[in-house]
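Chemist: Can you read through this structure? Questions will come right after.
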Amino acid sequence: MLAATHAGFATALYLGGAAVFEYPTDPVSWSLAVFFSFMPDIDIPTSKVGRPLFFISVPLEKRFGHRTITHSIIGVAILAALAAPLVFFYPLCFWSVVGGYWSHIQIDMANIRGVDLFWPSPIRVVMPGKMKYRLEVGSKAEMIVLCALLVFCAGLYPLSGLGLRGGLHQLLKDFDIAYDEFVEVQGLNWHTLELKAIDNLTLEHIECNCPVLGAWQSGLIIEHDGKARSVGKSQIQHNLYPVDAVLIEGEPLRVISQRMDMKGRSLRWLVENLKANHGYYLLGELYVDADKVVNVSQIETYHPVIWSGDKVRLHYAKAEDLREYLNLTAIRGEVVVQFWLKPGDRVVELNFAGETEKASTPAVLEGMF
């Protein structure tokens with residue numbers, strides 16, 4: 001096959017692998033895959049790699065001939081052994097080297113002669129089996145295959161960045177895929193949900209690009225119109241039923257957390273004494289004396305403040321979400337004050353109970369809750 005055909009086929013396998021196995025593409029590993037797709041032809045002194053490496057190609061051709069040891073499983077094994085140290089430091093480069101080399105052998109099987117894959121056995125491996133369907137080097141049929149490979153690679157390139165699942169997600173806009181993707185990477189980046197949904201209470205149709213706060217009951221918590229709401233397939237457990245949903249990755253996320261012991265303190269005390277130079281979310285569980293308060297019924301299936309019996313659960317609550325619960329006093333429990341920062345945001349400054357505490361970003365990084 002021509003060098004361009006080998007490069008095109010190696011590129012197709014490299015980008016196709018990135019789409020299926022979701023490894024990140026980069027110029028170095030891609031170049032290695034293309035370069036080593038020429039390497040089996042080192043047994044020809046007139047080839048692109050044979051000319052500069054004539055001191056290797058000339059003895060190889062005289063001793064073994066073309067498409068024998070370099071086009072065999074033995075040749076692949078020798079190369080893999082030489083490249084083995086890359087597995088520990090640059091695994092993607094290792095697989096690019098071996099995969100690029102193998103791509104040459106695989107497409108040469110479609111040539112009229114085939115390859116001696118099991119050399120020194122005389123058995124030649126060809127595909128397809130019928131002679132009339134195989135490619136002659138430099139023929140019109142090979143040119144058609146080369147053009148098809150170029151078109152195929154152009155289509156694979158955007159898909160390789162998204163991955164097969166990401167590509168399907170963009171195409172199908174399926175909420176379950178969005179949920180699975182978020183659960184795998186939550187806490188690393190800001191995420192936005194491009195959402196079309198139906199309000200399970202009012203049947204209102206909603207379209208928004210809403211920040212994603214977290215996961216809850218096989219669904220996602222988003223911020224819509226300044227309020228935390230749940231999105232999911234269960235109309236009993238979630239506020240919004242998703243019609244179309246696409247998860248969009250944003251800037252890197254830093255989460256700063258500070259714990260507050262709430263024993264003997266009310267939520268009013270927390271809100272009135274907690275001052276900060278950033279917006280924040282409140283998470284945690286408090287045990288309260290249920291005999292001294294009147295329960296407030298929950299209309300929505302999800303709420304950032306969930307009160308049941310003697311337990312109050314805060315889940316991405318803001319200060320304004322606590323209005324109906326300010327008089328609840330905790331017998332025991334903790335509240336985590338969580339700040340979400342983007343690159344370039346100032347260091348968090350907390351003023352609490354009359355004292356100033358500066359939270360250094362790396363020191364208190366605790367991740368998503």
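Each chain in the structure tokens gets a letter, A, B and so on, in the order shown; residues start at 1 in every chain, and ligands are counted from 1 in the order they appear.
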Per DSSP on the backbone, filter range 194-361 of chain A down to the residues in helix (DSSP H, G or I) and report them as a list in words.

Modeler: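 After running DSSP on the backbone, range 194-361 of chain A has helix (DSSP H, G or I) at Leu267, Arg268, Trp269, Leu270, Val271, Glu272, Asn273, Ala290, Asp291, Lys292, Ala319, Glu320, Asp321, Leu322, Arg323, Glu324 and Tyr325 of chain A.
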
Chemist: Within 8 Å of range 120-123 of chain A, counting only C-alpha atoms, which residues show up once you throw out same-chain ones fewer than 2 positions away? Write them as a PyMOL selection string, please.

Modeler: chain A and resi 68-69+116-118+125

Chemist: Generate the output file for the selected residues, N, CA, C and O atoms, as a short mmCIF file (atom, residue, chain, number, x, y, z; two decimals), in the first residue's frame.

Modeler:
```
data_model
loop_
_atom_site.label_atom_id
_atom_site.label_comp_id
_atom_site.auth_asym_id
_atom_site.auth_seq_id
_atom_site.Cartn_x
_atom_site.Cartn_y
_atom_site.Cartn_z
N THR A 68 7.54 -10.33 5.50
CA THR A 68 7.75 -11.58 6.23
C THR A 68 7.85 -11.27 7.72
O THR A 68 6.83 -11.03 8.36
N ILE A 69 9.06 -11.20 8.27
CA ILE A 69 9.21 -11.03 9.71
C ILE A 69 8.67 -9.69 10.20
O ILE A 69 8.05 -9.59 11.26
N ASP A 116 2.72 -12.49 5.58
CA ASP A 116 3.09 -13.73 6.29
C ASP A 116 2.94 -13.49 7.79
O ASP A 116 3.93 -13.39 8.53
N LEU A 117 1.70 -13.38 8.23
CA LEU A 117 1.43 -13.00 9.62
C LEU A 117 2.02 -13.99 10.61
O LEU A 117 2.46 -13.60 11.70
N PHE A 118 2.07 -15.26 10.25
CA PHE A 118 2.56 -16.30 11.17
C PHE A 118 3.96 -16.77 10.78
O PHE A 118 4.33 -17.91 11.05
N VAL A 125 -1.83 -14.55 5.13
CA VAL A 125 -3.14 -14.06 5.57
C VAL A 125 -3.59 -12.96 4.63
O VAL A 125 -2.86 -11.99 4.39
#
```

Chemist: Which residues come within 12 Å of His303 in chain A, counting only C-alpha atoms, excluding same-chain residues fewer than 2 positions away, as JSON, numbers by chain?

Modeler: {"A": [216, 221, 222, 223, 227, 228, 229, 230, 231, 237, 238, 239, 297, 298, 299, 300, 301, 305, 306, 307, 308, 312, 313, 314, 315, 316, 317, 318, 321, 322]}

Chemist: Of the residues A:Ile248, A:Val348, A:Ile105, A:Leu326, which is the one nearest to Asn277 in chain A, using only C-alpha atoms?

Modeler: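 Comparing A:Ile248, A:Val348, A:Ile105, A:Leu326 against Asn277 in chain A, the winner is A:Val348.
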
Chemist: Measuring between only C-alpha atoms, which one of A:Asp289, A:Gly99, A:Ala154, A:Lys275 shows the shortest distance to Gly17 in chain A?

Modeler: A:Gly99

Chemist: May I have the residues within 12 Å of Glu142 in chain A as a PyMOL selection string, using only C-alpha atoms and disregarding those fewer than 2 positions away in the same chain?

Modeler: chain A and resi 1-6+8-9+107-108+110-112+133-140+144-149
